[in-house]
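Visitor: Here you go, protein09.pdb (PDB, C-alpha atoms):
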```pdb
ATOM      1  CA  MET H   1      44.363-103.710 112.869  1.00  0.00           C
ATOM      2  CA  ILE H   2      43.768-100.603 110.731  1.00  0.00           C
ATOM      3  CA  ARG H   3      45.217-100.926 107.232  1.00  0.00           C
ATOM      4  CA  ILE H   4      46.950 -97.736 106.076  1.00  0.00           C
ATOM      5  CA  ALA H   5      47.907 -96.408 102.639  1.00  0.00           C
ATOM      6  CA  VAL H   6      50.400 -93.565 102.232  1.00  0.00           C
ATOM      7  CA  LEU H   7      50.139 -91.503  99.032  1.00  0.00           C
ATOM      8  CA  VAL H   8      53.360 -89.903  97.774  1.00  0.00           C
ATOM      9  CA  SER H   9      54.822 -88.060  94.807  1.00  0.00           C
ATOM     10  CA  GLY H  10      58.461 -87.362  95.665  1.00  0.00           C
ATOM     11  CA  GLY H  11      61.263 -88.068  98.103  1.00  0.00           C
ATOM     12  CA  GLY H  12      59.124 -89.467 100.859  1.00  0.00           C
ATOM     13  CA  THR H  13      60.657 -87.881 103.959  1.00  0.00           C
ATOM     14  CA  ASN H  14      57.257 -87.822 105.663  1.00  0.00           C
ATOM     15  CA  LEU H  15      56.747 -91.438 104.611  1.00  0.00           C
ATOM     16  CA  GLN H  16      60.068 -92.302 106.251  1.00  0.00           C
ATOM     17  CA  ALA H  17      58.937 -90.631 109.477  1.00  0.00           C
ATOM     18  CA  LEU H  18      55.806 -92.813 109.415  1.00  0.00           C
ATOM     19  CA  ILE H  19      57.806 -95.976 108.673  1.00  0.00           C
ATOM     20  CA  ASP H  20      60.280 -95.253 111.479  1.00  0.00           C
ATOM     21  CA  PHE H  21      57.442 -94.541 113.909  1.00  0.00           C
ATOM     22  CA  GLU H  22      55.754 -97.822 113.033  1.00  0.00           C
ATOM     23  CA  LYS H  23      59.029 -99.792 113.191  1.00  0.00           C
ATOM     24  CA  ALA H  24      59.586 -98.484 116.720  1.00  0.00           C
ATOM     25  CA  GLY H  25      56.293-100.116 117.726  1.00  0.00           C
ATOM     26  CA  ASN H  26      54.497 -96.839 118.284  1.00  0.00           C
ATOM     27  CA  ASN H  27      51.358 -97.620 116.267  1.00  0.00           C
ATOM     28  CA  PRO H  28      49.963-100.885 117.660  1.00  0.00           C
ATOM     29  CA  HIS H  29      46.503-100.317 116.142  1.00  0.00           C
ATOM     30  CA  GLY H  30      47.621 -99.754 112.533  1.00  0.00           C
ATOM     31  CA  LYS H  31      49.977-100.920 109.800  1.00  0.00           C
ATOM     32  CA  ILE H  32      51.159 -99.326 106.563  1.00  0.00           C
ATOM     33  CA  GLU H  33      50.097-101.821 103.906  1.00  0.00           C
ATOM     34  CA  LEU H  34      50.486 -99.773 100.721  1.00  0.00           C
ATOM     35  CA  VAL H  35      52.494 -96.881  99.319  1.00  0.00           C
ATOM     36  CA  LEU H  36      50.792 -95.358  96.277  1.00  0.00           C
ATOM     37  CA  SER H  37      52.842 -92.975  94.146  1.00  0.00           C
ATOM     38  CA  SER H  38      51.796 -90.580  91.393  1.00  0.00           C
ATOM     39  CA  SER H  39      55.309 -90.879  89.894  1.00  0.00           C
ATOM     40  CA  PRO H  40      57.388 -93.950  89.018  1.00  0.00           C
ATOM     41  CA  LYS H  41      60.532 -91.910  89.795  1.00  0.00           C
ATOM     42  CA  ALA H  42      59.561 -91.033  93.368  1.00  0.00           C
ATOM     43  CA  TYR H  43      62.324 -91.981  95.816  1.00  0.00           C
ATOM     44  CA  ALA H  44      59.525 -92.781  98.264  1.00  0.00           C
ATOM     45  CA  LEU H  45      59.077 -96.047  96.323  1.00  0.00           C
ATOM     46  CA  GLU H  46      62.603 -97.081  97.350  1.00  0.00           C
ATOM     47  CA  ARG H  47      61.788 -96.242 100.954  1.00  0.00           C
ATOM     48  CA  ALA H  48      58.737 -98.497 100.704  1.00  0.00           C
ATOM     49  CA  ALA H  49      60.777-101.326  99.167  1.00  0.00           C
ATOM     50  CA  ASN H  50      63.444-101.007 101.859  1.00  0.00           C
ATOM     51  CA  ALA H  51      60.730-101.316 104.502  1.00  0.00           C
ATOM     52  CA  GLY H  52      59.087-104.284 102.819  1.00  0.00           C
ATOM     53  CA  ILE H  53      55.904-102.365 102.035  1.00  0.00           C
ATOM     54  CA  GLU H  54      53.977-103.056  98.841  1.00  0.00           C
ATOM     55  CA  SER H  55      53.792-100.138  96.407  1.00  0.00           C
ATOM     56  CA  THR H  56      51.974 -99.163  93.253  1.00  0.00           C
ATOM     57  CA  VAL H  57      52.212 -96.288  90.761  1.00  0.00           C
ATOM     58  CA  ILE H  58      49.129 -94.522  89.405  1.00  0.00           C
ATOM     59  CA  ARG H  59      50.009 -91.622  87.107  1.00  0.00           C
ATOM     60  CA  ARG H  60      47.501 -88.919  86.241  1.00  0.00           C
ATOM     61  CA  LYS H  61      48.667 -88.780  82.629  1.00  0.00           C
ATOM     62  CA  ASP H  62      47.735 -92.425  82.101  1.00  0.00           C
ATOM     63  CA  TYR H  63      44.050 -91.561  82.512  1.00  0.00           C
ATOM     64  CA  GLU H  64      41.868 -89.549  80.169  1.00  0.00           C
ATOM     65  CA  SER H  65      40.015 -87.734  82.930  1.00  0.00           C
ATOM     66  CA  GLN H  66      40.265 -86.805  86.598  1.00  0.00           C
ATOM     67  CA  GLU H  67      37.289 -89.090  87.244  1.00  0.00           C
ATOM     68  CA  ALA H  68      39.072 -92.079  85.699  1.00  0.00           C
ATOM     69  CA  TYR H  69      42.177 -91.312  87.736  1.00  0.00           C
ATOM     70  CA  ASP H  70      40.172 -91.053  90.960  1.00  0.00           C
ATOM     71  CA  HIS H  71      38.458 -94.347  90.189  1.00  0.00           C
ATOM     72  CA  ALA H  72      41.820 -96.058  89.699  1.00  0.00           C
ATOM     73  CA  ILE H  73      43.009 -94.770  93.094  1.00  0.00           C
ATOM     74  CA  VAL H  74      39.834 -95.932  94.855  1.00  0.00           C
ATOM     75  CA  THR H  75      40.105 -99.329  93.147  1.00  0.00           C
ATOM     76  CA  ALA H  76      43.697 -99.781  94.345  1.00  0.00           C
ATOM     77  CA  LEU H  77      42.795 -98.731  97.892  1.00  0.00           C
ATOM     78  CA  LYS H  78      39.793-101.064  98.017  1.00  0.00           C
ATOM     79  CA  GLU H  79      41.825-103.978  96.607  1.00  0.00           C
ATOM     80  CA  HIS H  80      44.202-103.573  99.544  1.00  0.00           C
ATOM     81  CA  GLU H  81      41.293-103.191 102.013  1.00  0.00           C
ATOM     82  CA  ILE H  82      42.615 -99.808 103.150  1.00  0.00           C
ATOM     83  CA  ASP H  83      40.941 -98.153 106.143  1.00  0.00           C
ATOM     84  CA  LEU H  84      42.992 -94.952 106.474  1.00  0.00           C
ATOM     85  CA  VAL H  85      44.708 -92.814 103.810  1.00  0.00           C
ATOM     86  CA  ILE H  86      47.635 -90.510 104.580  1.00  0.00           C
ATOM     87  CA  LEU H  87      48.818 -87.923 102.054  1.00  0.00           C
ATOM     88  CA  ALA H  88      52.561 -87.424 102.495  1.00  0.00           C
ATOM     89  CA  GLY H  89      53.656 -85.032  99.771  1.00  0.00           C
ATOM     90  CA  PHE H  90      51.045 -86.228  97.260  1.00  0.00           C
ATOM     91  CA  LEU H  91      50.841 -83.536  94.593  1.00  0.00           C
ATOM     92  CA  SER H  92      47.667 -84.607  92.819  1.00  0.00           C
ATOM     93  CA  ILE H  93      44.312 -83.271  93.972  1.00  0.00           C
ATOM     94  CA  LEU H  94      41.915 -86.018  95.013  1.00  0.00           C
ATOM     95  CA  GLY H  95      38.463 -85.852  93.468  1.00  0.00           C
ATOM     96  CA  PRO H  96      34.983 -86.479  94.913  1.00  0.00           C
ATOM     97  CA  GLU H  97      34.982 -90.259  94.408  1.00  0.00           C
ATOM     98  CA  VAL H  98      38.068 -90.738  96.593  1.00  0.00           C
ATOM     99  CA  ILE H  99      36.803 -88.359  99.273  1.00  0.00           C
ATOM    100  CA  ARG H 100      33.363 -89.999  99.327  1.00  0.00           C
ATOM    101  CA  ALA H 101      34.972 -93.441  99.649  1.00  0.00           C
ATOM    102  CA  TYR H 102      36.962 -92.352 102.720  1.00  0.00           C
ATOM    103  CA  PRO H 103      35.023 -89.640 104.589  1.00  0.00           C
ATOM    104  CA  GLU H 104      37.200 -88.258 107.406  1.00  0.00           C
ATOM    105  CA  ARG H 105      39.625 -91.100 106.768  1.00  0.00           C
ATOM    106  CA  ILE H 106      42.050 -89.135 104.588  1.00  0.00           C
ATOM    107  CA  ILE H 107      44.578 -86.831 106.247  1.00  0.00           C
ATOM    108  CA  ASN H 108      47.181 -84.474 104.869  1.00  0.00           C
ATOM    109  CA  VAL H 109      50.063 -82.531 106.380  1.00  0.00           C
ATOM    110  CA  HIS H 110      50.376 -78.909 105.257  1.00  0.00           C
ATOM    111  CA  PRO H 111      53.591 -76.946 105.960  1.00  0.00           C
ATOM    112  CA  ALA H 112      51.928 -73.893 107.533  1.00  0.00           C
ATOM    113  CA  LEU H 113      49.476 -73.045 110.277  1.00  0.00           C
ATOM    114  CA  ILE H 114      46.125 -73.240 108.487  1.00  0.00           C
ATOM    115  CA  PRO H 115      44.297 -70.921 107.706  1.00  0.00           C
ATOM    116  CA  SER H 116      47.531 -69.094 106.809  1.00  0.00           C
ATOM    117  CA  PHE H 117      49.298 -69.781 103.496  1.00  0.00           C
ATOM    118  CA  CYS H 118      47.018 -72.576 102.372  1.00  0.00           C
ATOM    119  CA  GLY H 119      44.596 -73.478  99.610  1.00  0.00           C
ATOM    120  CA  LYS H 120      45.053 -73.813  95.877  1.00  0.00           C
ATOM    121  CA  GLY H 121      48.586 -73.048  94.703  1.00  0.00           C
ATOM    122  CA  PHE H 122      50.177 -73.226  98.146  1.00  0.00           C
ATOM    123  CA  TYR H 123      52.482 -76.249  98.132  1.00  0.00           C
ATOM    124  CA  GLY H 124      56.164 -77.001  98.595  1.00  0.00           C
ATOM    125  CA  LEU H 125      58.493 -74.020  98.788  1.00  0.00           C
ATOM    126  CA  LYS H 126      55.704 -71.648  97.682  1.00  0.00           C
ATOM    127  CA  VAL H 127      54.222 -71.885 101.193  1.00  0.00           C
ATOM    128  CA  HIS H 128      57.492 -70.853 102.836  1.00  0.00           C
ATOM    129  CA  GLU H 129      58.192 -68.129 100.268  1.00  0.00           C
ATOM    130  CA  ALA H 130      54.793 -66.619 101.073  1.00  0.00           C
ATOM    131  CA  ALA H 131      55.390 -66.842 104.833  1.00  0.00           C
ATOM    132  CA  LEU H 132      58.765 -65.093 104.579  1.00  0.00           C
ATOM    133  CA  ALA H 133      57.391 -62.435 102.220  1.00  0.00           C
ATOM    134  CA  LYS H 134      54.680 -61.659 104.784  1.00  0.00           C
ATOM    135  CA  GLY H 135      57.264 -61.385 107.560  1.00  0.00           C
ATOM    136  CA  VAL H 136      55.623 -63.820 109.972  1.00  0.00           C
ATOM    137  CA  LYS H 137      57.561 -64.672 113.127  1.00  0.00           C
ATOM    138  CA  VAL H 138      55.948 -68.096 113.571  1.00  0.00           C
ATOM    139  CA  SER H 139      54.932 -70.734 111.050  1.00  0.00           C
ATOM    140  CA  GLY H 140      54.527 -74.472 111.469  1.00  0.00           C
ATOM    141  CA  ALA H 141      52.553 -77.441 110.199  1.00  0.00           C
ATOM    142  CA  THR H 142      48.963 -78.660 110.251  1.00  0.00           C
ATOM    143  CA  VAL H 143      47.509 -82.139 109.919  1.00  0.00           C
ATOM    144  CA  HIS H 144      43.947 -81.925 108.629  1.00  0.00           C
ATOM    145  CA  PHE H 145      41.245 -84.088 107.161  1.00  0.00           C
ATOM    146  CA  VAL H 146      40.891 -83.889 103.381  1.00  0.00           C
ATOM    147  CA  ASN H 147      37.660 -82.727 101.780  1.00  0.00           C
ATOM    148  CA  GLU H 148      36.705 -81.190  98.426  1.00  0.00           C
ATOM    149  CA  ILE H 149      38.352 -77.865  99.327  1.00  0.00           C
ATOM    150  CA  PRO H 150      42.183 -77.776  99.159  1.00  0.00           C
ATOM    151  CA  ASP H 151      43.427 -77.559 102.783  1.00  0.00           C
ATOM    152  CA  GLY H 152      39.796 -77.023 103.823  1.00  0.00           C
ATOM    153  CA  GLY H 153      39.108 -80.056 106.017  1.00  0.00           C
ATOM    154  CA  ARG H 154      38.816 -80.150 109.794  1.00  0.00           C
ATOM    155  CA  ILE H 155      42.108 -79.557 111.625  1.00  0.00           C
ATOM    156  CA  LEU H 156      43.417 -82.494 113.639  1.00  0.00           C
ATOM    157  CA  LEU H 157      46.817 -81.316 114.922  1.00  0.00           C
ATOM    158  CA  GLN H 158      49.009 -78.207 114.674  1.00  0.00           C
ATOM    159  CA  LYS H 159      52.499 -77.325 115.827  1.00  0.00           C
ATOM    160  CA  ALA H 160      54.183 -73.918 115.701  1.00  0.00           C
ATOM    161  CA  VAL H 161      57.786 -73.398 114.585  1.00  0.00           C
ATOM    162  CA  ASP H 162      59.781 -70.176 114.996  1.00  0.00           C
ATOM    163  CA  VAL H 163      60.871 -68.291 111.889  1.00  0.00           C
ATOM    164  CA  HIS H 164      64.445 -66.996 112.020  1.00  0.00           C
ATOM    165  CA  GLU H 165      65.489 -63.627 110.629  1.00  0.00           C
ATOM    166  CA  ASP H 166      68.026 -65.199 108.281  1.00  0.00           C
ATOM    167  CA  ASP H 167      65.692 -67.936 107.019  1.00  0.00           C
ATOM    168  CA  THR H 168      65.427 -68.831 103.361  1.00  0.00           C
ATOM    169  CA  PRO H 169      62.454 -70.812 102.058  1.00  0.00           C
ATOM    170  CA  GLU H 170      64.715 -73.876 102.077  1.00  0.00           C
ATOM    171  CA  THR H 171      65.904 -73.524 105.681  1.00  0.00           C
ATOM    172  CA  LEU H 172      62.372 -72.802 106.902  1.00  0.00           C
ATOM    173  CA  GLN H 173      61.036 -75.796 104.982  1.00  0.00           C
ATOM    174  CA  ARG H 174      63.624 -78.071 106.593  1.00  0.00           C
ATOM    175  CA  ARG H 175      62.986 -76.791 110.125  1.00  0.00           C
ATOM    176  CA  ILE H 176      59.220 -77.190 109.781  1.00  0.00           C
ATOM    177  CA  MET H 177      59.663 -80.735 108.500  1.00  0.00           C
ATOM    178  CA  GLU H 178      62.012 -81.706 111.334  1.00  0.00           C
ATOM    179  CA  GLU H 179      60.239 -79.902 114.180  1.00  0.00           C
ATOM    180  CA  ALA H 180      56.608 -80.284 113.118  1.00  0.00           C
ATOM    181  CA  GLU H 181      55.713 -82.472 110.116  1.00  0.00           C
ATOM    182  CA  TRP H 182      57.755 -85.526 111.117  1.00  0.00           C
ATOM    183  CA  ILE H 183      56.244 -85.346 114.608  1.00  0.00           C
ATOM    184  CA  LEU H 184      52.625 -84.481 113.824  1.00  0.00           C
ATOM    185  CA  LEU H 185      51.964 -86.920 110.990  1.00  0.00           C
ATOM    186  CA  PRO H 186      52.985 -90.052 112.948  1.00  0.00           C
ATOM    187  CA  GLN H 187      51.005 -88.760 115.952  1.00  0.00           C
ATOM    188  CA  ALA H 188      47.939 -88.333 113.756  1.00  0.00           C
ATOM    189  CA  MET H 189      48.422 -91.816 112.278  1.00  0.00           C
ATOM    190  CA  LYS H 190      48.499 -93.294 115.777  1.00  0.00           C
ATOM    191  CA  GLN H 191      45.530 -91.259 116.992  1.00  0.00           C
ATOM    192  CA  LEU H 192      43.342 -92.180 114.034  1.00  0.00           C
ATOM    193  CA  SER H 193      44.410 -95.829 113.928  1.00  0.00           C
ATOM    194  CA  GLU H 194      43.435 -96.248 117.567  1.00  0.00           C
ATOM    195  CA  ALA H 195      40.123 -94.402 117.164  1.00  0.00           C
ATOM    196  CA  LEU H 196      39.152 -96.369 114.047  1.00  0.00           C
ATOM    197  CA  ASP H 197      40.249 -99.681 115.553  1.00  0.00           C
ATOM    198  CA  LYS H 198      38.148 -99.027 118.656  1.00  0.00           C
ATOM    199  CA  GLU H 199      35.342 -97.490 116.572  1.00  0.00           C
ATOM    200  CA  GLU H 200      35.532 -94.259 118.552  1.00  0.00           C
ATOM    201  CA  ASP H 201      34.727 -90.739 117.362  1.00  0.00           C
ATOM    202  CA  ILE H 202      37.689 -88.841 116.003  1.00  0.00           C
TER
END
```
Output the file's structure in the form of structure tokens.
Guide:
Amino acid sequence: MIRIAVLVSGGGTNLQALIDFEKAGNNPHGKIELVLSSSPKAYALERAANAGIESTVIRRKDYESQEAYDHAIVTALKEHEIDLVILAGFLSILGPEVIRAYPERIINVHPALIPSFCGKGFYGLKVHEAALAKGVKVSGATVHFVNEIPDGGRILLQKAVDVHEDDTPETLQRRIMEEAEWILLPQAMKQLSEALDKEEDI
């Protein structure tokens, strides 16, 4: 059974999609064992508690350097014997130590079709603001592996979502979450859990 950690910073809607998927029995090869938050105020922590999942808070400001922060994250993941890491709205950039500890075992969902509207500075509503400003007719979401380059890792899954003429960044954000993110991220969790459990190539 693959042990999974979900890293969060806010409301945890993607976390909830993962929890619901697991509760429905759709991920027989994996189990969410830890929710790690960068903020003690994240509502995602309540979602974890409601689901009976252990959680911990590791705040960047409690550490004197990025390296010390990364080490604390790796230590927590290793203590819980984590095999797979899922970023679900985690707003801190992971440094080299974390990435080296979990090569091609960390995934993230990005609310656009990479390589569009991605990289440093593209997060949250900023992604959707940029998409609407460009006038694109289709956007979507991408699940990708995490490496040292923001949004630069190998793409695992993508799903397109239509952009409506009357969209605001908020309405586009919601549609992409509902029609793409909440579908792709659980699918990726299942796919990777099975591959890792069976020791197959991803």
Visitor: Can you pull out every residue within 8 Å of His128 of chain H, counting only C-alpha atoms, but drop anything in the same chain fewer than 6 positions away, and send it as a list in words?
Guide: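 The residues that qualify are Pro111, Ala112, Pro169, Glu170, Leu172 and Gln173 of chain H.
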Visitor: At a cut-off of 8 Å, using all atoms listed in the file, what residues contact segment 61-74 of chain H? Leave out same-chain residues fewer than 3 positions from it and give the result as JSON, numbers by chain.
Guide: {"H": [58, 77, 78, 94, 95, 96, 97, 98, 101]}
Visitor: Go ahead and compute the interatomic distance for atom CA of Pro150 of chain H and atom CA of Ser9 of chain H, in Å to one decimal.
Guide: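 A separation of 16.9 Å between them.
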Visitor: If the PyMOL selection byres ((chain H and resi 196) around 12) were run on this exact file, what residues would it hold? Put them as a PyMOL selection string.
Guide: chain H and resi 1-4+29-30+82-84+104-105+188-195+197-202
Visitor: For Val8 of chain H, please output as a ChimeraX atom specification all residues within 9 Å (counting all atoms listed in the file; exclusion window: fewer than 6 positions along the same chain).
Guide: /H:15,35-39,42,44-45,86-91
Visitor: Write a file of the selected residues as a PDB file, in the frame of the given file, keeping C-alpha atoms.
Guide:
```
ATOM      1  CA  LEU H  15      56.747 -91.438 104.611  1.00  0.00           C
ATOM      2  CA  VAL H  35      52.494 -96.881  99.319  1.00  0.00           C
ATOM      3  CA  LEU H  36      50.792 -95.358  96.277  1.00  0.00           C
ATOM      4  CA  SER H  37      52.842 -92.975  94.146  1.00  0.00           C
ATOM      5  CA  SER H  38      51.796 -90.580  91.393  1.00  0.00           C
ATOM      6  CA  SER H  39      55.309 -90.879  89.894  1.00  0.00           C
ATOM      7  CA  ALA H  42      59.561 -91.033  93.368  1.00  0.00           C
ATOM      8  CA  ALA H  44      59.525 -92.781  98.264  1.00  0.00           C
ATOM      9  CA  LEU H  45      59.077 -96.047  96.323  1.00  0.00           C
ATOM     10  CA  ILE H  86      47.635 -90.510 104.580  1.00  0.00           C
ATOM     11  CA  LEU H  87      48.818 -87.923 102.054  1.00  0.00           C
ATOM     12  CA  ALA H  88      52.561 -87.424 102.495  1.00  0.00           C
ATOM     13  CA  GLY H  89      53.656 -85.032  99.771  1.00  0.00           C
ATOM     14  CA  PHE H  90      51.045 -86.228  97.260  1.00  0.00           C
ATOM     15  CA  LEU H  91      50.841 -83.536  94.593  1.00  0.00           C
TER      16      LEU H  91
END
```
Visitor: Suppose you want the space between atom CA of Ile176 of chain H and atom CA of Glu22 of chain H; what is it in Å?
Guide: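 One can read the atom CA of Ile176 of chain H to atom CA of Glu22 of chain H distance as 21.2 Å.
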